$ cat structure02.txt   # compact mmCIF, C-alpha atoms
# COMPACT_ATOMS: atom_id res chain seq x y z
CA MET A 121 15.78 -24.73 -7.87
CA PHE A 122 12.74 -23.13 -6.30
CA ARG A 123 10.19 -24.87 -4.15
CA GLU A 124 6.51 -25.59 -4.80
CA LYS A 125 5.58 -23.08 -2.08
CA LEU A 126 7.26 -20.25 -4.00
CA LEU A 127 4.91 -20.95 -6.91
CA LYS A 128 2.00 -20.69 -4.45
CA ASP A 129 3.38 -17.36 -3.22
CA MET A 130 3.58 -16.07 -6.79
CA GLU A 131 0.05 -17.24 -7.56
CA PHE A 132 -1.12 -15.40 -4.42
CA ILE A 133 0.78 -12.21 -5.33
CA ILE A 134 -0.74 -12.24 -8.83
CA GLU A 135 -4.25 -12.79 -7.40
CA LEU A 136 -3.74 -9.74 -5.14
CA ASP A 137 -3.62 -7.52 -8.24
CA LYS A 138 -7.45 -7.69 -8.11
CA MET A 139 -7.37 -5.37 -5.07
CA LYS A 140 -6.72 -2.57 -7.59
CA SER A 141 -10.24 -3.06 -8.96
CA ILE A 142 -12.25 -3.31 -5.72
CA PHE A 143 -13.74 0.16 -5.44
CA ARG A 144 -14.74 1.74 -2.16
CA LYS A 145 -17.22 4.51 -1.36
CA THR A 146 -14.52 7.14 -0.66
CA HIS A 147 -13.49 9.61 -3.34
CA ILE A 148 -9.85 10.44 -3.99
CA ILE A 149 -9.36 14.05 -2.80
CA GLY A 150 -10.56 16.49 -5.48
CA GLU A 151 -11.46 13.70 -7.92
CA ASP A 152 -14.63 11.99 -9.11
CA ARG A 153 -12.85 8.60 -8.99
CA TYR A 154 -13.48 6.31 -6.06
CA GLU A 155 -10.40 4.97 -4.33
CA ASP A 156 -9.78 1.21 -4.45
CA ASP A 157 -8.67 -1.28 -1.81
CA ALA A 158 -5.01 -1.29 -2.89
CA GLN A 159 -4.73 2.52 -2.67
CA HIS A 160 -6.57 2.57 0.65
CA SER A 161 -4.41 -0.21 2.13
CA TRP A 162 -1.25 1.66 1.12
CA HIS A 163 -2.51 4.94 2.55
CA ILE A 164 -3.41 3.51 5.96
CA SER A 165 -0.15 1.53 6.17
CA ILE A 166 1.99 4.63 5.68
CA MET A 167 -0.35 6.51 8.07
CA ALA A 168 0.42 3.88 10.73
CA MET A 169 4.12 4.51 10.17
CA ILE A 170 3.65 8.28 10.58
CA LEU A 171 1.18 8.25 13.48
CA SER A 172 2.36 5.31 15.62
CA GLU A 173 4.29 7.70 17.90
CA TYR A 174 0.96 9.00 19.27
CA THR A 175 -0.38 5.68 20.65
CA ASN A 176 -1.05 5.51 24.39
CA GLU A 177 0.47 2.03 24.61
CA LYS A 178 3.63 0.71 23.01
CA ILE A 179 2.72 -1.26 19.88
CA ASP A 180 4.42 -3.65 17.48
CA LEU A 181 4.42 -1.49 14.32
CA LEU A 182 5.43 -4.32 11.96
CA LYS A 183 2.42 -6.33 13.12
CA VAL A 184 0.12 -3.31 12.64
CA ILE A 185 1.39 -2.73 9.10
CA LYS A 186 1.14 -6.44 8.17
CA MET A 187 -2.45 -6.34 9.42
CA LEU A 188 -3.25 -3.23 7.38
CA LEU A 189 -1.61 -4.51 4.20
CA ALA A 190 -3.72 -7.68 4.42
CA HIS A 191 -6.96 -6.66 6.19
CA ASP A 192 -9.01 -6.06 3.02
CA LEU A 193 -7.88 -9.08 0.97
CA VAL A 194 -11.14 -10.89 1.71
CA GLU A 195 -12.88 -8.19 -0.36
CA ILE A 196 -11.36 -9.67 -3.53
CA TYR A 197 -14.17 -12.25 -3.31
CA ALA A 198 -16.59 -10.71 -0.79
CA GLY A 199 -16.63 -7.13 -2.13
CA ASP A 200 -16.65 -3.86 -0.22
CA VAL A 201 -19.55 -2.98 2.08
CA PHE A 202 -20.10 0.70 2.92
CA CYS A 203 -18.98 1.32 6.51
CA TYR A 204 -22.26 2.99 7.49
CA ASP A 205 -24.39 0.10 6.15
CA GLU A 206 -24.89 -1.90 9.39
CA GLN A 207 -27.14 -4.61 7.95
CA GLY A 208 -24.76 -5.09 5.04
CA TYR A 209 -21.94 -5.65 7.53
CA ILE A 210 -23.79 -8.42 9.34
CA ASP A 211 -24.92 -10.16 6.13
CA ASN A 212 -21.41 -10.04 4.73
CA LYS A 213 -19.56 -11.76 7.59
CA GLU A 214 -20.14 -15.30 6.28
CA LYS A 215 -19.11 -14.28 2.79
CA GLU A 216 -15.91 -12.79 4.20
CA ILE A 217 -15.03 -15.94 6.13
CA ALA A 218 -15.44 -18.03 2.97
CA ALA A 219 -13.36 -15.44 1.10
CA ALA A 220 -10.61 -15.62 3.74
CA GLU A 221 -10.42 -19.39 3.32
CA LYS A 222 -10.22 -19.02 -0.44
CA ILE A 223 -7.60 -16.26 -0.65
CA PHE A 224 -5.32 -17.42 2.18
CA GLY A 225 -5.82 -21.02 0.99
CA ILE A 226 -3.70 -20.26 -2.07
CA LEU A 227 -0.64 -20.14 0.24
CA ASP A 228 1.10 -22.98 2.05
CA HIS A 229 -0.50 -23.64 5.44
CA GLU A 230 2.10 -21.81 7.56
CA LYS A 231 1.71 -18.51 5.70
CA ALA A 232 -2.05 -18.99 5.36
CA ASP A 233 -2.29 -19.40 9.14
CA GLU A 234 -0.25 -16.23 9.79
CA LEU A 235 -2.43 -14.12 7.48
CA ARG A 236 -5.67 -15.61 8.79
CA SER A 237 -4.59 -14.93 12.32
CA LEU A 238 -3.71 -11.29 11.48
CA TRP A 239 -7.13 -10.86 9.85
CA ASP A 240 -8.95 -12.42 12.83
CA GLU A 241 -7.04 -10.16 15.22
CA PHE A 242 -7.92 -7.09 13.14
CA GLU A 243 -11.61 -8.05 13.07
CA GLU A 244 -11.81 -8.89 16.79
CA MET A 245 -10.23 -5.55 17.74
CA LYS A 246 -9.05 -6.61 21.20
CA THR A 247 -5.28 -6.01 21.10
CA HIS A 248 -3.49 -2.63 21.10
CA GLU A 249 -2.21 -3.38 17.60
CA SER A 250 -5.63 -4.15 16.15
CA ILE A 251 -7.31 -1.16 17.81
CA PHE A 252 -4.67 1.15 16.34
CA ALA A 253 -4.92 -0.59 12.94
CA ASN A 254 -8.71 -0.10 12.96
CA SER A 255 -8.12 3.54 13.91
CA MET A 256 -6.06 4.07 10.75
CA ASP A 257 -8.63 2.20 8.63
CA ARG A 258 -11.39 4.52 9.85
CA LEU A 259 -9.49 7.80 10.03
CA GLN A 260 -8.28 7.85 6.41
CA PRO A 261 -11.72 7.98 4.72
CA MET A 262 -12.70 10.68 7.22
CA LEU A 263 -9.73 12.82 6.21
CA ASN A 264 -10.78 12.37 2.57
CA ASN A 265 -14.38 13.35 3.37
CA TYR A 266 -13.14 16.35 5.36
CA LYS A 267 -11.07 17.55 2.38
CA ASN A 268 -13.84 16.69 -0.11
CA ASN A 269 -16.46 19.10 1.30
CA GLY A 270 -18.11 16.32 3.26
CA GLY A 271 -17.72 13.61 0.57
CA THR A 272 -19.71 10.49 1.47
CA TRP A 273 -20.94 12.13 4.72
CA GLN A 274 -22.99 14.37 2.43
CA GLU A 275 -23.73 11.83 -0.31
CA TYR A 276 -25.21 9.31 2.14
CA ASP A 277 -26.44 11.86 4.71
CA VAL A 278 -24.37 10.38 7.57
CA SER A 279 -25.08 11.84 11.02
CA LYS A 280 -22.49 13.26 13.41
CA SER A 281 -23.28 10.57 15.99
CA ASP A 282 -22.68 7.81 13.41
CA ILE A 283 -19.33 9.39 12.54
CA TYR A 284 -18.35 9.46 16.23
CA LYS A 285 -19.42 5.84 16.62
CA ARG A 286 -17.37 4.75 13.62
CA ILE A 287 -14.19 6.53 14.74
CA GLU A 288 -14.32 5.30 18.35
CA PRO A 289 -11.27 3.00 18.10
CA VAL A 290 -9.11 6.16 17.97
CA LYS A 291 -10.43 7.04 21.46
CA HIS A 292 -9.01 3.77 22.77
CA SER A 293 -5.66 3.96 21.01
CA SER A 294 -4.45 7.57 21.29
CA ASP A 295 -5.51 10.54 23.43
CA GLU A 296 -3.72 12.97 21.12
CA LEU A 297 -5.23 11.58 17.92
CA TRP A 298 -8.63 11.51 19.58
CA CYS A 299 -8.27 15.18 20.38
CA TYR A 300 -7.49 15.87 16.70
CA VAL A 301 -10.44 13.75 15.53
CA ASN A 302 -12.81 15.72 17.79
CA TYR A 303 -11.49 18.98 16.41
CA MET A 304 -11.91 17.74 12.83
CA ILE A 305 -15.47 16.44 13.26
CA GLU A 306 -16.65 19.57 15.10
CA ASP A 307 -14.97 21.79 12.51
CA ALA A 308 -16.65 19.80 9.69
CA PHE A 309 -19.97 20.14 11.48
CA GLN A 310 -19.56 23.90 11.93
CA LYS A 311 -18.72 24.25 8.25
CA GLY A 312 -21.84 22.32 7.23
CA LEU A 313 -19.90 19.33 5.84
CA ILE A 314 -21.95 17.09 8.13
CA ASN A 315 -25.72 17.58 8.02
CA LYS A 316 -27.51 18.97 11.07
CA ARG A 317 -30.49 16.91 12.31
CA MET B 263 -4.57 19.07 23.17
CA PHE B 264 -2.62 18.05 20.09
CA ARG B 265 0.72 19.41 19.05
CA GLU B 266 1.70 21.48 16.01
CA LYS B 267 3.62 18.48 14.62
CA LEU B 268 0.42 16.41 14.49
CA LEU B 269 -1.06 19.03 12.16
CA LYS B 270 2.04 18.66 9.98
CA ASP B 271 1.57 14.88 9.96
CA MET B 272 -2.05 15.31 8.88
CA GLU B 273 -1.09 17.76 6.13
CA PHE B 274 1.49 15.21 4.92
CA ILE B 275 -1.02 12.33 5.02
CA ILE B 276 -3.52 14.39 3.00
CA GLU B 277 -0.84 15.35 0.45
CA LEU B 278 -0.03 11.63 0.01
CA ASP B 279 -3.50 11.11 -1.49
CA LYS B 280 -1.96 12.42 -4.74
CA MET B 281 -0.08 9.12 -5.09
CA LYS B 282 -3.42 7.66 -6.25
CA SER B 283 -3.20 9.81 -9.38
CA ILE B 284 0.42 9.24 -10.41
CA PHE B 285 0.10 6.70 -13.18
CA ARG B 286 2.82 4.24 -14.09
CA LYS B 287 3.49 2.37 -17.33
CA THR B 288 2.32 -1.01 -15.99
CA HIS B 289 -1.20 -2.24 -16.70
CA ILE B 290 -3.34 -3.83 -14.01
CA ILE B 291 -3.63 -7.53 -14.92
CA GLY B 292 -6.34 -8.02 -17.56
CA GLU B 293 -7.27 -4.33 -17.62
CA ASP B 294 -6.62 -1.34 -19.88
CA ARG B 295 -6.06 0.89 -16.81
CA TYR B 296 -2.52 1.72 -15.77
CA GLU B 297 -1.67 1.11 -12.14
CA ASP B 298 -0.79 4.11 -9.98
CA ASP B 299 1.93 4.67 -7.38
CA ALA B 300 -0.33 3.99 -4.38
CA GLN B 301 -1.46 0.62 -5.77
CA HIS B 302 2.10 -0.31 -6.76
CA SER B 303 3.51 0.68 -3.35
CA TRP B 304 0.90 -1.45 -1.60
CA HIS B 305 1.55 -4.43 -3.87
CA ILE B 306 5.32 -4.45 -3.36
CA SER B 307 4.97 -3.93 0.41
CA ILE B 308 2.78 -7.01 0.82
CA MET B 309 5.11 -8.88 -1.59
CA ALA B 310 8.01 -8.10 0.76
CA MET B 311 6.01 -9.56 3.62
CA ILE B 312 5.31 -12.77 1.64
CA LEU B 313 8.75 -13.20 0.04
CA SER B 314 11.15 -12.07 2.80
CA GLU B 315 11.69 -15.68 3.88
CA TYR B 316 13.65 -16.31 0.67
CA THR B 317 16.42 -13.72 1.21
CA ASN B 318 19.99 -15.02 1.43
CA GLU B 319 20.75 -12.68 4.35
CA LYS B 320 18.63 -11.89 7.38
CA ILE B 321 16.87 -8.56 6.84
CA ASP B 322 14.91 -6.05 8.91
CA LEU B 323 11.46 -6.47 7.34
CA LEU B 324 9.94 -3.39 9.01
CA LYS B 325 12.67 -1.24 7.49
CA VAL B 326 12.11 -2.81 4.05
CA ILE B 327 8.36 -2.16 4.20
CA LYS B 328 8.83 1.44 5.42
CA MET B 329 11.19 1.97 2.48
CA LEU B 330 8.68 0.52 0.01
CA LEU B 331 5.71 2.47 1.39
CA ALA B 332 7.69 5.71 0.98
CA HIS B 333 10.07 5.12 -1.95
CA ASP B 334 7.82 6.65 -4.64
CA LEU B 335 6.59 9.73 -2.72
CA VAL B 336 8.98 11.98 -4.65
CA GLU B 337 6.93 11.16 -7.77
CA ILE B 338 4.08 13.32 -6.40
CA TYR B 339 6.11 16.30 -7.69
CA ALA B 340 8.70 14.66 -9.99
CA GLY B 341 6.38 12.28 -11.87
CA ASP B 342 6.99 8.68 -12.95
CA VAL B 343 9.77 7.86 -15.42
CA PHE B 344 9.50 4.59 -17.35
CA CYS B 345 12.04 2.14 -15.94
CA TYR B 346 13.55 1.34 -19.37
CA ASP B 347 14.06 5.04 -20.23
CA GLU B 348 17.72 5.44 -19.14
CA GLN B 349 18.13 9.08 -20.22
CA GLY B 350 14.89 10.03 -18.49
CA TYR B 351 16.24 8.47 -15.28
CA ILE B 352 19.40 10.57 -15.34
CA ASP B 353 17.55 13.82 -16.20
CA ASN B 354 15.03 13.22 -13.44
CA LYS B 355 17.44 12.80 -10.52
CA GLU B 356 17.64 16.55 -9.72
CA LYS B 357 13.87 16.90 -9.93
CA GLU B 358 13.50 13.99 -7.51
CA ILE B 359 15.90 15.51 -4.98
CA ALA B 360 13.94 18.78 -5.03
CA ALA B 361 10.72 16.76 -4.70
CA ALA B 362 12.13 14.87 -1.71
CA GLU B 363 12.89 18.14 0.04
CA LYS B 364 9.40 19.44 -0.70
CA ILE B 365 7.40 16.37 0.35
CA PHE B 366 9.44 15.38 3.43
CA GLY B 367 9.73 19.07 4.35
CA ILE B 368 6.04 19.09 5.26
CA LEU B 369 6.94 16.98 8.33
CA ASP B 370 8.82 18.01 11.47
CA HIS B 371 12.58 17.56 11.03
CA GLU B 372 12.92 14.27 12.92
CA LYS B 373 10.37 12.46 10.76
CA ALA B 374 11.56 14.23 7.62
CA ASP B 375 15.09 12.96 8.32
CA GLU B 376 13.91 9.37 8.84
CA LEU B 377 11.98 9.35 5.55
CA ARG B 378 14.76 11.05 3.61
CA SER B 379 17.27 8.58 4.94
CA LEU B 380 15.03 5.62 3.96
CA TRP B 381 14.69 7.08 0.46
CA ASP B 382 18.45 7.66 0.13
CA GLU B 383 19.14 4.10 1.28
CA PHE B 384 16.65 2.73 -1.25
CA GLU B 385 18.22 4.75 -4.07
CA GLU B 386 21.82 3.88 -3.16
CA MET B 387 21.02 0.15 -3.04
CA LYS B 388 23.96 -0.87 -0.88
CA THR B 389 22.33 -2.53 2.15
CA HIS B 390 20.61 -5.95 2.23
CA GLU B 391 17.32 -4.19 3.00
CA SER B 392 17.50 -1.80 0.06
CA ILE B 393 18.61 -4.50 -2.41
CA PHE B 394 15.64 -6.63 -1.39
CA ALA B 395 13.30 -3.60 -1.52
CA ASN B 396 14.50 -2.80 -5.04
CA SER B 397 13.97 -6.46 -5.95
CA MET B 398 10.30 -6.18 -4.99
CA ASP B 399 9.94 -2.85 -6.84
CA ARG B 400 11.25 -4.45 -10.03
CA LEU B 401 9.68 -7.89 -9.77
CA GLN B 402 6.06 -6.72 -9.44
CA PRO B 403 5.76 -4.98 -12.84
CA MET B 404 7.43 -8.03 -14.41
CA LEU B 405 4.79 -10.33 -12.93
CA ASN B 406 2.12 -8.02 -14.37
CA ASN B 407 3.79 -8.04 -17.80
CA TYR B 408 4.13 -11.83 -17.64
CA LYS B 409 0.40 -12.21 -16.94
CA ASN B 410 -0.52 -9.49 -19.48
CA ASN B 411 0.87 -11.31 -22.54
CA GLY B 412 4.08 -9.30 -22.38
CA GLY B 413 2.45 -5.97 -21.39
CA THR B 414 4.96 -3.11 -21.59
CA TRP B 415 7.72 -5.50 -22.75
CA GLN B 416 5.72 -5.73 -25.97
CA GLU B 417 4.40 -2.15 -26.08
CA TYR B 418 7.87 -0.65 -25.77
CA ASP B 419 9.75 -3.52 -27.46
CA VAL B 420 11.99 -4.20 -24.44
CA SER B 421 14.82 -6.71 -25.04
CA LYS B 422 15.51 -9.78 -22.91
CA SER B 423 18.92 -8.40 -21.92
CA ASP B 424 17.33 -5.14 -20.69
CA ILE B 425 14.87 -7.16 -18.62
CA TYR B 426 17.73 -9.17 -17.06
CA LYS B 427 19.64 -5.95 -16.33
CA ARG B 428 16.62 -4.36 -14.65
CA ILE B 429 15.89 -7.38 -12.42
CA GLU B 430 19.51 -7.90 -11.28
CA PRO B 431 18.93 -6.83 -7.64
CA VAL B 432 17.04 -10.11 -7.17
CA LYS B 433 20.27 -11.97 -8.04
CA HIS B 434 21.97 -10.27 -5.10
CA SER B 435 19.17 -10.73 -2.59
CA SER B 436 17.82 -14.26 -3.05
CA ASP B 437 19.10 -17.35 -4.87
CA GLU B 438 15.68 -18.95 -4.80
CA LEU B 439 13.84 -15.88 -6.15
CA TRP B 440 16.54 -15.46 -8.78
CA CYS B 441 15.93 -19.02 -9.92
CA TYR B 442 12.20 -18.23 -10.25
CA VAL B 443 12.92 -14.99 -12.13
CA ASN B 444 15.11 -16.87 -14.64
CA TYR B 445 12.38 -19.42 -15.18
CA MET B 446 9.79 -16.67 -15.71
CA ILE B 447 11.86 -14.63 -18.17
CA GLU B 448 12.87 -17.69 -20.22
CA ASP B 449 9.29 -18.94 -20.23
CA ALA B 450 8.06 -15.51 -21.37
CA PHE B 451 10.72 -15.52 -24.10
CA GLN B 452 9.75 -19.01 -25.29
CA LYS B 453 6.10 -17.96 -25.44
CA GLY B 454 6.95 -14.88 -27.53
CA LEU B 455 5.99 -12.37 -24.78
CA ILE B 456 9.48 -10.85 -25.16
CA ASN B 457 10.54 -10.00 -28.69
CA LYS B 458 13.41 -11.96 -30.29
CA ARG B 459 16.21 -9.82 -31.76

$ encode --input "structure02.txt" --output "structure tokens"
Amino acid sequence: MFREKLLKDMEFIIELDKMKSIFRKTHIIGEDRYEDDAQHSWHISIMAMILSEYTNEKIDLLKVIKMLLAHDLVEIYAGDVFCYDEQGYIDNKEKEIAAAEKIFGILDHEKADELRSLWDEFEEMKTHESIFANSMDRLQPMLNNYKNNGGTWQEYDVSKSDIYKRIEPVKHSSDELWCYVNYMIEDAFQKGLINKR
Amino acid sequence: MFREKLLKDMEFIIELDKMKSIFRKTHIIGEDRYEDDAQHSWHISIMAMILSEYTNEKIDLLKVIKMLLAHDLVEIYAGDVFCYDEQGYIDNKEKEIAAAEKIFGILDHEKADELRSLWDEFEEMKTHESIFANSMDRLQPMLNNYKNNGGTWQEYDVSKSDIYKRIEPVKHSSDELWCYVNYMIEDAFQKGLINKR
């Protein structure tokens, strides 16, 4: 026989399918389609696997990947807010906390607590793992914009200083990645992919 | 400064964006859209994280998740073959091996070797980790079909015995999950979501 909690796990897994319909502001490279939260979460998880060797401090990669796989689940109910919309971010925090209670609440309390704690750690960005996880979350849309002739940097007229502010976690997680990020942003700027002010 | 191999990693990460445009035969729950490889790979990776407690044998969860994040990358060049198309599977093996060399070959040899070895292990399905990983890969589309009134089971007139054959790795990885799978398939059959022969 299977236990009641396995049914809860299955209900949760089925609910997660909705991540495939939460669209973000980033375009898939070379396509008009926007990427969704499931695609994004996969991309940054495999990025963490590829780039973890460059961190300044030793990190627990399994914890980072668990965090990345689960960090956007609250958006199933709270929706996606554009990363350069600061007021939207503040207004959305309460909605996200309610969403976290709803989505993780499908699970039995032990698993719910683990996922909630991973999400809190990601949001607080104080540990080496969460700073690196946030670095992956922020770097991936930048790579897409870089390859998409500026992408949302152009569409929403994002300034170079806002881009640097957004990508700052990389500075605190990896000297080598930070060096690459600088090169990429300056190259994008030189090529006119980021607007001059 | 950053090293040459970091540029290779970035080229690889950018190439992976194509996974978001490799469409599978499974529908997103309640939608006409087909899911793609990036969405599917995310879904089964988080499933592994939720369901690993039910395995009969102790497994290395990080290895399982790495395998799942990377197992479909060959489809960027080899395409997706429907899981119930046995001849297509056989014909495609050579294409997949060439694709593996091409995609992993973007990376420096150490990382290429790690990814190739994870893919080989997944395909050979001999270790506890790869049997569990294959279980996740096969269970997720079944859950979607179950919630989609039969989904591709109906569209392609798949028989109950073919479904049982496809899901067999679960039998070898987890008694409790196997019990759930039996319940689900029989329930789907009773409800007419799988055609009677």

$ closest_residue --input "structure02.txt" --among "A:Lys280, A:Arg153, A:His147, A:Lys186" --to "A:Arg236" --atoms "all atoms listed in the file"
A:Lys186

$ interface_residues --input "structure02.txt" --of "chain B" --to "chain A" --cutoff "6 Å" --atoms "all atoms listed in the file" --output "PyMOL selection string"
chain B and resi 264+300-301+304+324+438

$ closest_residue --input "structure02.txt" --among "B:Glu266, B:Asp449, B:Glu337, B:Asp322" --to "B:Ile284" --atoms "only C-alpha atoms"
B:Glu337

$ atom_distance --input "structure02.txt" --atom1 "atom CA of B:Arg286" --atom2 "atom CA of B:Asp342"
6.2 Å

$ closest_residue --input "structure02.txt" --among "A:Ile305, A:Ile283, A:Ala232, A:Ile196" --to "A:Lys128" --atoms "all atoms listed in the file"
A:Ala232

$ residues_around --input "structure02.txt" --residues "B:Lys355" --least-positions-apart "4" --cutoff "12 Å" --atoms "all atoms listed in the file" --output "VMD selection string"
chain B and resid 336 to 337 340 to 343 348 to 351 359 to 362 382 385

$ residues_around --input "structure02.txt" --residues "B:His434" --least-positions-apart "2" --cutoff "12 Å" --atoms "only C-alpha atoms" --output "PyMOL selection string"
chain B and resi 316-319+387-397+429-432+436-441

$ atom_distance --input "structure02.txt" --atom1 "atom CA of A:Thr146" --atom2 "atom CA of A:Pro261"
6.1 Å

$ residues_around --input "structure02.txt" --residues "stretch 271-274 of chain A" --least-positions-apart "3" --cutoff "8 Å" --atoms "only C-alpha atoms" --output "list in words"
Lys145, Thr146, His147, Asn264, Asn265, Tyr266, Lys267, Asn268, Asp277, Val278, Ser279, Leu313, Ile314 and Asn315 of chain A

$ atom_distance --input "structure02.txt" --atom1 "atom CA of B:Gly454" --atom2 "atom CA of B:Lys433"
23.8 Å

$ axis_aligned_box --input "structure02.txt" --around "stretch 278-296 of chain B" --padding-each-side "4 Å" --output "lines of an AutoDock Vina configuration file"
center_x = -1.9
center_y = 2.2
center_z = -9.9
size_x = 18.8
size_y = 28.4
size_z = 27.9
